[in-house]
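Have a look at entry-v3.txt; it's compact mmCIF, C-alpha atoms:
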# COMPACT_ATOMS: atom_id res chain seq x y z
CA MET A 1 105.74 117.72 85.67
CA ILE A 2 103.09 116.63 83.20
CA SER A 3 102.57 118.93 80.21
CA LYS A 4 100.44 122.08 80.50
CA THR A 5 97.96 120.86 77.90
CA TYR A 6 97.17 117.72 79.87
CA LEU A 7 97.03 119.63 83.14
CA ARG A 8 94.32 121.77 81.54
CA TYR A 9 92.47 118.64 80.41
CA ILE A 10 92.65 117.18 83.91
CA TRP A 11 91.53 120.44 85.50
CA LEU A 12 88.49 120.74 83.21
CA LEU A 13 87.55 117.09 83.65
CA ASP A 14 87.89 117.27 87.43
CA THR A 15 86.01 120.57 87.69
CA ILE A 16 82.97 119.27 85.82
CA ASN A 17 83.12 115.86 87.50
CA GLN A 18 83.27 117.27 91.03
CA SER A 19 80.75 120.09 90.61
CA ARG A 20 77.55 119.77 92.66
CA PHE A 21 75.64 122.19 90.45
CA PRO A 22 75.32 122.77 86.68
CA LEU A 23 78.23 124.63 85.08
CA THR A 24 77.83 127.00 82.15
CA TYR A 25 80.79 127.94 80.00
CA ASP A 26 80.94 131.42 81.61
CA LEU A 27 81.02 129.90 85.10
CA ILE A 28 83.76 127.46 84.11
CA VAL A 29 85.82 130.40 82.82
CA ARG A 30 85.38 132.27 86.14
CA ILE A 31 86.48 129.18 88.10
CA TRP A 32 89.48 128.79 85.79
CA GLU A 33 90.51 132.42 86.27
CA SER A 34 90.60 131.96 90.06
CA SER A 35 92.52 128.68 89.88
CA PRO A 36 96.26 128.11 90.40
CA TYR A 37 96.45 127.14 86.71
CA ALA A 38 95.24 130.50 85.39
CA TYR A 39 98.86 131.50 84.66
CA MET A 40 98.69 129.15 81.65
CA GLY A 41 96.46 131.61 79.82
CA GLY A 42 92.77 132.09 79.19
CA LEU A 43 90.02 129.66 78.29
CA PRO A 44 88.37 131.08 75.15
CA ILE A 45 85.39 129.20 73.76
CA ARG A 46 87.38 127.62 70.92
CA THR A 47 90.03 126.33 73.33
CA PHE A 48 87.30 125.04 75.65
CA HIS A 49 85.77 122.95 72.86
CA GLU A 50 89.22 121.71 71.79
CA HIS A 51 89.78 120.59 75.40
CA ARG A 52 86.46 118.73 75.36
CA LYS A 53 87.55 116.94 72.18
CA GLY A 54 90.99 116.19 73.65
CA ILE A 55 89.46 114.73 76.80
CA GLU A 56 87.22 112.46 74.73
CA GLU A 57 90.15 111.26 72.61
CA MET A 58 92.46 110.75 75.58
CA PHE A 59 90.08 109.23 78.14
CA GLY A 60 86.94 108.33 76.19
CA VAL A 61 84.97 110.69 78.46
CA ILE A 62 82.30 112.82 76.75
CA ILE A 63 81.58 116.31 78.13
CA GLU A 64 78.11 117.11 76.80
CA CYS A 65 76.14 120.35 76.67
CA ASP A 66 72.59 120.29 78.05
CA LYS A 67 70.78 123.04 76.16
CA SER A 68 67.55 122.43 78.08
CA LYS A 69 69.28 123.48 81.33
CA GLY A 70 70.75 126.76 80.21
CA TYR A 71 73.65 125.40 78.15
CA THR A 72 75.31 123.66 81.08
CA TYR A 73 78.01 121.01 80.77
CA TYR A 74 78.08 117.55 82.32
CA ILE A 75 79.82 114.19 81.86
CA LYS A 76 77.61 112.09 79.60
CA ASN A 77 79.28 108.73 80.34
CA PRO A 78 80.57 108.80 83.95
CA GLU A 79 80.89 105.00 83.96
CA VAL A 80 83.78 105.30 81.47
CA LEU A 81 85.62 107.67 83.79
CA GLU A 82 85.08 105.33 86.74
CA LYS A 83 86.60 102.41 84.84
CA ASN A 84 89.55 104.35 83.37
CA THR A 85 92.36 103.70 85.87
CA TYR A 86 94.75 105.99 83.99
CA ALA A 87 92.34 108.90 84.21
CA GLN A 88 91.73 108.20 87.91
CA LEU A 89 95.49 108.18 88.57
CA LEU A 90 95.95 111.56 86.88
CA LEU A 91 92.96 113.05 88.66
CA ARG A 92 94.24 111.87 92.05
CA LYS A 93 97.75 113.15 91.40
CA TYR A 94 97.21 116.45 89.62
CA SER A 95 93.75 117.76 90.39
CA VAL A 96 93.48 120.39 93.14
CA PRO A 97 90.63 121.20 95.55
CA GLN A 98 87.90 123.53 94.36
CA ASP A 99 88.68 125.78 97.36
CA PHE A 100 91.86 127.15 95.79
CA SER A 101 92.56 129.55 98.67
CA THR A 102 92.76 126.59 101.05
CA PHE A 103 95.03 124.73 98.65
CA SER A 104 97.32 127.76 98.40
CA MET A 105 97.52 128.07 102.19
CA MET A 106 98.32 124.37 102.63
CA ARG A 107 100.65 123.80 99.67
CA ASP A 108 103.73 123.58 101.92
CA ARG A 109 102.05 120.91 104.02
CA ILE A 110 100.49 118.77 101.29
CA LEU A 111 103.46 116.99 99.75
CA LEU A 112 103.00 115.16 96.45
CA GLU A 113 105.53 112.82 94.92
CA GLU A 114 106.68 114.37 91.67
CA ILE A 115 107.95 112.67 88.52
CA PRO A 116 111.19 114.65 88.12
CA HIS A 117 112.16 113.84 84.54
CA GLY A 118 110.90 112.51 81.25
CA THR A 119 107.85 114.61 80.39
CA ALA A 120 109.38 116.86 77.70
CA TYR A 121 108.14 114.60 74.89
CA PHE A 122 104.90 113.49 76.57
CA ASP A 123 102.56 115.38 74.22
CA SER A 124 104.35 114.21 71.07
CA ILE A 125 104.24 110.56 72.13
CA VAL A 126 100.54 110.67 73.03
CA GLU A 127 99.77 112.32 69.70
CA SER A 128 101.75 109.63 67.83
CA MET A 129 99.84 106.96 69.75
CA ARG A 130 96.56 108.61 68.80
CA ARG A 131 97.53 108.82 65.11
CA ASN A 132 99.46 105.50 65.03
CA THR A 133 102.60 107.08 63.58
CA GLU A 134 106.21 106.05 64.13
CA LEU A 135 108.77 107.85 66.30
CA ILE A 136 112.51 108.27 65.72
CA ILE A 137 114.27 108.35 69.09
CA ASP A 138 117.84 109.13 70.10
CA TYR A 139 118.12 107.04 73.24
CA GLN A 140 120.86 106.79 75.84
CA ARG A 141 120.84 103.63 77.90
CA TYR A 142 121.79 103.68 81.56
CA GLU A 143 125.06 101.99 80.63
CA GLY A 144 125.89 104.99 78.43
CA GLN A 145 125.25 103.41 75.03
CA LEU A 146 123.66 105.74 72.45
CA GLU A 147 121.10 104.38 69.96
CA THR A 148 118.79 105.73 67.32
CA LEU A 149 115.59 103.69 67.37
CA THR A 150 112.41 103.60 65.31
CA MET A 151 109.46 102.87 67.58
CA GLN A 152 105.80 102.19 66.98
CA PRO A 153 104.33 103.43 70.31
CA TYR A 154 101.62 101.19 71.77
CA SER A 155 101.10 102.54 75.29
CA MET A 156 102.58 104.57 78.13
CA ARG A 157 103.01 103.74 81.77
CA VAL A 158 104.24 105.49 84.89
CA TYR A 159 106.11 103.33 87.39
CA ASN A 160 108.41 104.22 90.29
CA ARG A 161 108.31 107.93 89.40
CA ARG A 162 109.32 107.30 85.79
CA TRP A 163 107.36 107.47 82.54
CA TYR A 164 107.82 104.61 80.07
CA VAL A 165 106.62 104.16 76.51
CA LEU A 166 105.99 100.61 75.31
CA GLY A 167 106.10 99.71 71.65
CA TYR A 168 107.60 97.79 68.77
CA ILE A 169 111.22 98.70 67.98
CA LYS A 170 111.85 98.05 64.31
CA GLU A 171 115.65 97.76 64.49
CA LYS A 172 115.43 95.01 67.13
CA GLU A 173 112.15 93.48 65.93
CA VAL A 174 110.85 93.24 69.50
CA ILE A 175 108.33 94.92 71.80
CA ARG A 176 110.16 96.82 74.53
CA HIS A 177 109.68 99.75 76.89
CA LEU A 178 111.86 102.87 76.93
CA ALA A 179 112.25 105.34 79.80
CA LEU A 180 111.32 108.85 78.71
CA GLU A 181 114.04 110.36 80.87
CA ARG A 182 116.63 108.67 78.63
CA PHE A 183 115.35 110.37 75.46
CA LEU A 184 117.95 112.76 74.04
CA TYR A 185 115.84 113.67 71.02
CA LEU A 186 112.51 112.65 69.54
CA HIS A 187 111.31 113.14 65.98
CA THR A 188 107.69 112.47 65.07
CA THR A 189 107.07 111.07 61.60
CA SER A 190 104.08 110.64 59.32
CA ASN A 191 104.85 106.96 58.79
CA LYS A 192 101.71 105.06 59.78
CA PHE A 193 101.64 101.69 61.52
CA GLU A 194 98.80 99.34 62.38
CA PHE A 195 98.23 98.80 66.08
CA PRO A 196 98.06 95.01 66.55
CA LYS A 197 94.49 93.98 67.28
CA ASP A 198 95.57 91.12 69.52
CA PHE A 199 97.84 93.27 71.70
CA ASN A 200 96.52 94.38 75.10
CA PRO A 201 98.99 96.62 77.03
CA ARG A 202 97.42 95.71 80.38
CA LYS A 203 97.68 91.97 79.70
CA TYR A 204 101.27 92.45 78.55
CA TYR A 205 102.21 93.09 82.20
CA ASP A 206 99.89 90.42 83.64
CA ASN A 207 102.60 88.05 84.85
CA VAL A 208 105.19 90.47 86.21
CA VAL A 209 105.77 92.75 89.14
CA GLY A 210 106.88 96.11 87.78
CA ILE A 211 107.90 97.07 84.26
CA TYR A 212 110.33 94.35 83.20
CA VAL A 213 108.92 91.77 80.77
CA ASN A 214 110.96 88.89 79.37
CA GLU A 215 108.99 86.61 77.06
CA ASN A 216 111.49 83.81 77.73
CA LEU A 217 110.73 83.65 81.46
CA PRO A 218 108.14 81.01 82.43
CA VAL A 219 105.20 81.70 84.72
CA VAL A 220 105.83 79.79 87.97
CA ASN A 221 104.27 79.23 91.39
CA LEU A 222 105.86 81.36 94.11
CA LYS A 223 105.21 80.96 97.84
CA ILE A 224 106.48 83.33 100.49
CA ARG A 225 106.07 83.64 104.25
CA VAL A 226 105.65 87.12 105.69
CA TYR A 227 106.22 88.15 109.31
CA GLY A 228 105.25 91.00 111.61
CA VAL A 229 103.56 94.17 110.43
CA GLN A 230 104.46 93.32 106.84
CA MET A 231 101.55 90.84 106.87
CA GLU A 232 99.00 93.66 106.96
CA TYR A 233 100.90 95.66 104.35
CA MET A 234 100.74 92.68 101.99
CA ARG A 235 97.03 92.21 102.62
CA MET A 236 96.34 95.87 101.93
CA LEU A 237 98.75 96.20 98.98
CA PRO A 238 99.28 92.82 97.27
CA LEU A 239 102.65 92.18 95.70
CA HIS A 240 100.87 90.95 92.55
CA LYS A 241 97.26 90.58 91.47
CA SER A 242 97.53 86.77 91.67
CA GLN A 243 98.25 86.94 95.41
CA SER A 244 96.36 84.42 97.53
CA GLU A 245 96.71 83.94 101.29
CA VAL A 246 96.89 80.20 101.94
CA LYS A 247 98.01 79.96 105.56
CA SER A 248 98.41 82.17 108.62
CA ARG A 249 99.21 81.98 112.29
CA HIS A 250 97.72 84.90 114.18
CA GLY A 251 100.35 87.47 115.11
CA GLU A 252 103.21 85.34 113.78
CA PHE A 253 103.19 84.88 110.01
CA ALA A 254 101.12 84.58 106.85
CA GLU A 255 101.88 82.63 103.69
CA PHE A 256 101.01 83.89 100.21
CA THR A 257 101.14 82.22 96.81
CA TYR A 258 101.49 83.76 93.33
CA ARG A 259 101.54 82.89 89.64
CA LEU A 260 104.14 85.10 87.97
CA CYS A 261 107.55 85.42 86.34
CA LEU A 262 110.67 85.65 88.51
CA THR A 263 111.93 89.00 87.24
CA PRO A 264 114.72 91.23 88.60
CA GLU A 265 112.06 93.68 89.84
CA LEU A 266 110.39 90.94 91.88
CA LYS A 267 113.71 90.04 93.45
CA SER A 268 114.29 93.69 94.40
CA LYS A 269 110.85 93.88 96.02
CA ILE A 270 111.49 90.74 98.07
CA LEU A 271 114.95 91.84 99.20
CA ALA A 272 113.59 95.27 100.14
CA MET A 273 111.34 93.64 102.75
CA GLY A 274 114.42 92.34 104.58
CA ALA A 275 113.90 89.92 107.45
CA GLU A 276 110.11 90.22 107.28
CA VAL A 277 109.82 87.94 104.24
CA GLU A 278 111.02 84.42 103.49
CA VAL A 279 110.83 82.65 100.12
CA LEU A 280 109.55 79.10 100.53
CA GLU A 281 109.09 77.94 96.93
CA PRO A 282 110.52 77.33 94.39
CA VAL A 283 113.49 75.92 96.30
CA GLU A 284 115.89 77.10 93.57
CA TYR A 285 114.59 80.66 93.92
CA ARG A 286 114.90 80.46 97.71
CA GLU A 287 118.58 79.59 97.25
CA GLU A 288 118.98 82.45 94.78
CA ILE A 289 117.61 84.93 97.32
CA LYS A 290 119.90 83.48 100.04
CA LYS A 291 122.86 84.03 97.72
CA GLU A 292 121.88 87.65 97.15
CA ILE A 293 121.63 88.21 100.92
CA SER A 294 125.07 86.63 101.44
CA LEU A 295 126.61 88.89 98.80
CA THR A 296 125.03 91.88 100.50
CA LEU A 297 126.49 90.88 103.87
CA LYS A 298 129.96 90.66 102.32
CA ARG A 299 129.70 94.38 101.47
CA TYR A 300 129.73 95.05 105.21

Represent the supplied structure as structure tokens.
Amino acid sequence: MISKTYLRYIWLLDTINQSRFPLTYDLIVRIWESSPYAYMGGLPIRTFHEHRKGIEEMFGVIIECDKSKGYTYYIKNPEVLEKNTYAQLLLRKYSVPQDFSTFSMMRDRILLEEIPHGTAYFDSIVESMRRNTELIIDYQRYEGQLETLTMQPYSMRVYNRRWYVLGYIKEKEVIRHLALERFLYLHTTSNKFEFPKDFNPRKYYDNVVGIYVNENLPVVNLKIRVYGVQMEYMRMLPLHKSQSEVKSRHGEFAEFTYRLCLTPELKSKILAMGAEVEVLEPVEYREEIKKEISLTLKRY
């Protein structure tokens, strides 16, 4: 699960955002005390204001007090919240309905996908990102290799039920992502670094499907043909943001083109669609996919 501190932030942000009437501090406390999160402790006034500050630092969302309306609290810049996809993801995943009794009654029938591992160091990493300080990480790769790495954390991302931190690794002199679930130990330092002004974490992933980025891979044109019900899935949930439908035959197939890198994650996505997808171009990649399918068949 996500840390308790950030759950409290999300709860407070969601409560004020969703409220249809002005909320005073006393009313917010009463709502908190009747919530499923009340086991985390109280909400004294000092903690409340610290949460407001934390929400502003984390999401850029300002919770303002309107003294002219009885010291009620509201979101001063709702447009920032609407544009913050990270905040929207957390609110969708972790916020609970205001009718907590209904939520409690239905909790065995409302099933959420949990992130099982990798949140133990979440707070420390976010704090290091906020302060631009280096991390010392004892990291165990999936192959079993143990490493001690010095990282300058740039951003975090959740993908396929795993948390990743992206940053510059000094020992390797490269920007890479690390899976939080592979952290054996993390030490926060006071060593400052300068976040590169020309680095945009969102653009870093522009040309890939998933989390894997290889600067040596070229951006190419990919064309696939999709059959059956998978056509509508692809229209509703594009494989990549560059997706463009260029041809279709009603009820039979649809063809889509992309501009992206041919990463291992992309190959996994294509193979997972089985017989409902066919790679058309590049021809070399089509042959590569055919080879993978042949190797799979040999397993059986």

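Between Phe183 in chain A and the residues A:Ile125, A:Ile224, A:Leu43, A:Ile16, the shortest atom-to-atom distance, using only C-alpha atoms, involves A:Ile125.
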
Write out as a compact mmCIF listing (two decimals) with C-alpha atoms, in the coordinates of the input the residues lying within 10 Å of range 191-203 of chain A, counting all atoms listed in the file and excluding same-chain residues fewer than 2 positions away.
# COMPACT_ATOMS: atom_id res chain seq x y z
CA SER A 128 101.75 109.63 67.83
CA MET A 129 99.84 106.96 69.75
CA ARG A 131 97.53 108.82 65.11
CA ASN A 132 99.46 105.50 65.03
CA THR A 133 102.60 107.08 63.58
CA GLU A 134 106.21 106.05 64.13
CA LEU A 135 108.77 107.85 66.30
CA MET A 151 109.46 102.87 67.58
CA GLN A 152 105.80 102.19 66.98
CA PRO A 153 104.33 103.43 70.31
CA TYR A 154 101.62 101.19 71.77
CA SER A 155 101.10 102.54 75.29
CA MET A 156 102.58 104.57 78.13
CA ARG A 157 103.01 103.74 81.77
CA LEU A 166 105.99 100.61 75.31
CA GLY A 167 106.10 99.71 71.65
CA TYR A 168 107.60 97.79 68.77
CA THR A 188 107.69 112.47 65.07
CA THR A 189 107.07 111.07 61.60
CA TYR A 205 102.21 93.09 82.20
CA ASP A 206 99.89 90.42 83.64
CA ASN A 207 102.60 88.05 84.85

Discussion item. Using all atoms listed in the file, can you tell me which of A:Thr296, A:Thr15, A:Thr263, A:Gln140 comes closest to Val208 in chain A?
Written reply: A:Thr263

Item to complete: May I have the protein, DNA and RNA residues with any atom at most 7 Å from the point (102.6, 84.6, 83.2), counting all atoms listed in the file, written as a ChimeraX atom specification?
Response: /A:206-207,218-219,259-261

Item to complete: In Å, rounded to a single decimal, give me how far CA of Tyr121 in chain A is from CA of Asn17 in chain A.
Response: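 That distance, rounded to one decimal, is 28.0 Å.
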
Contacts of Gln243 in chain A within 12 Å, all atoms listed in the file, excl. fewer than 6 positions in-chain, as an mmCIF file with C-alpha atoms, in the frame of the given file:
data_model
loop_
_atom_site.group_PDB
_atom_site.id
_atom_site.type_symbol
_atom_site.label_atom_id
_atom_site.label_comp_id
_atom_site.auth_asym_id
_atom_site.auth_seq_id
_atom_site.Cartn_x
_atom_site.Cartn_y
_atom_site.Cartn_z
ATOM 1 C CA ASN A 207 102.600 88.050 84.850
ATOM 2 C CA VAL A 209 105.770 92.750 89.140
ATOM 3 C CA ASN A 221 104.270 79.230 91.390
ATOM 4 C CA LEU A 222 105.860 81.360 94.110
ATOM 5 C CA LYS A 223 105.210 80.960 97.840
ATOM 6 C CA ILE A 224 106.480 83.330 100.490
ATOM 7 C CA MET A 234 100.740 92.680 101.990
ATOM 8 C CA ARG A 235 97.030 92.210 102.620
ATOM 9 C CA MET A 236 96.340 95.870 101.930
ATOM 10 C CA LEU A 237 98.750 96.200 98.980
ATOM 11 C CA GLU A 255 101.880 82.630 103.690
ATOM 12 C CA PHE A 256 101.010 83.890 100.210
ATOM 13 C CA THR A 257 101.140 82.220 96.810
ATOM 14 C CA TYR A 258 101.490 83.760 93.330
ATOM 15 C CA ARG A 259 101.540 82.890 89.640
ATOM 16 C CA LEU A 260 104.140 85.100 87.970
#

Worksheet item: How many Å separate CA of Tyr139 in chain A from CA of Arg182 in chain A?
Response: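 Spanning CA of Tyr139 in chain A to CA of Arg182 in chain A is a straight-line distance of 5.8 Å.
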
Item to complete: Between CA of Ala254 in chain A and CA of Leu239 in chain A, measure the distance and give it in Å to one decimal.
Response: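 Straight-line distance from CA of Ala254 in chain A to CA of Leu239 in chain A works out to 13.6 Å.
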
Worksheet item: Closest to Thr119 in chain A among A:Arg249, A:Lys4, A:Lys69, A:Arg225, using all atoms listed in the file?
Response: A:Lys4

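The nearest approach to Thr24 in chain A among the residues A:Phe122, A:Tyr74, A:Tyr159, A:Tyr6, with only C-alpha atoms taken into account, belongs to A:Tyr74.
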
Discussion item. Considering all atoms listed in the file, can you say which of A:Ser248, A:Val226, A:Leu271, A:Leu280 comes closest to Glu292 in chain A?
Written reply: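 So, comparing all the options, the nearest one is A:Leu271.
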
Worksheet entry | Residue neighbourhood Trp163 in chain A, 7 Å, only C-alpha atoms, exclusion window fewer than 2 positions, as a PyMOL selection string | chain A and resi 118+157-159+161+165+179-180

Fill in: Distance criterion (all atoms listed in the file): nearest to Ala120 in chain A out of A:Leu184, A:Val246, A:Leu178, A:Ile75
A:Leu184

Practice prompt. Could you please give me, as an NGL selection string, the residues of protein, DNA or RNA lying at most 6 Å from (93.3, 118.0, 76.7) in the coordinate frame of the file, considering only C-alpha atoms?
Written response: :A and (5-6 or 9 or 51 or 54-55)

Preceding selection exported with C-alpha atoms as a compact mmCIF listing (two decimals), in the frame of the given file:
# COMPACT_ATOMS: atom_id res chain seq x y z
CA THR A 5 97.96 120.86 77.90
CA TYR A 6 97.17 117.72 79.87
CA TYR A 9 92.47 118.64 80.41
CA HIS A 51 89.78 120.59 75.40
CA GLY A 54 90.99 116.19 73.65
CA ILE A 55 89.46 114.73 76.80

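Near Gly70 in chain A, within 12 Å and counting all atoms listed in the file, sit A:Pro22, A:Leu23, A:Thr24, A:Tyr25, A:Asp26, A:Leu27, A:Cys65, A:Asp66, A:Tyr74; same-chain residues fewer than 4 positions away were not included.
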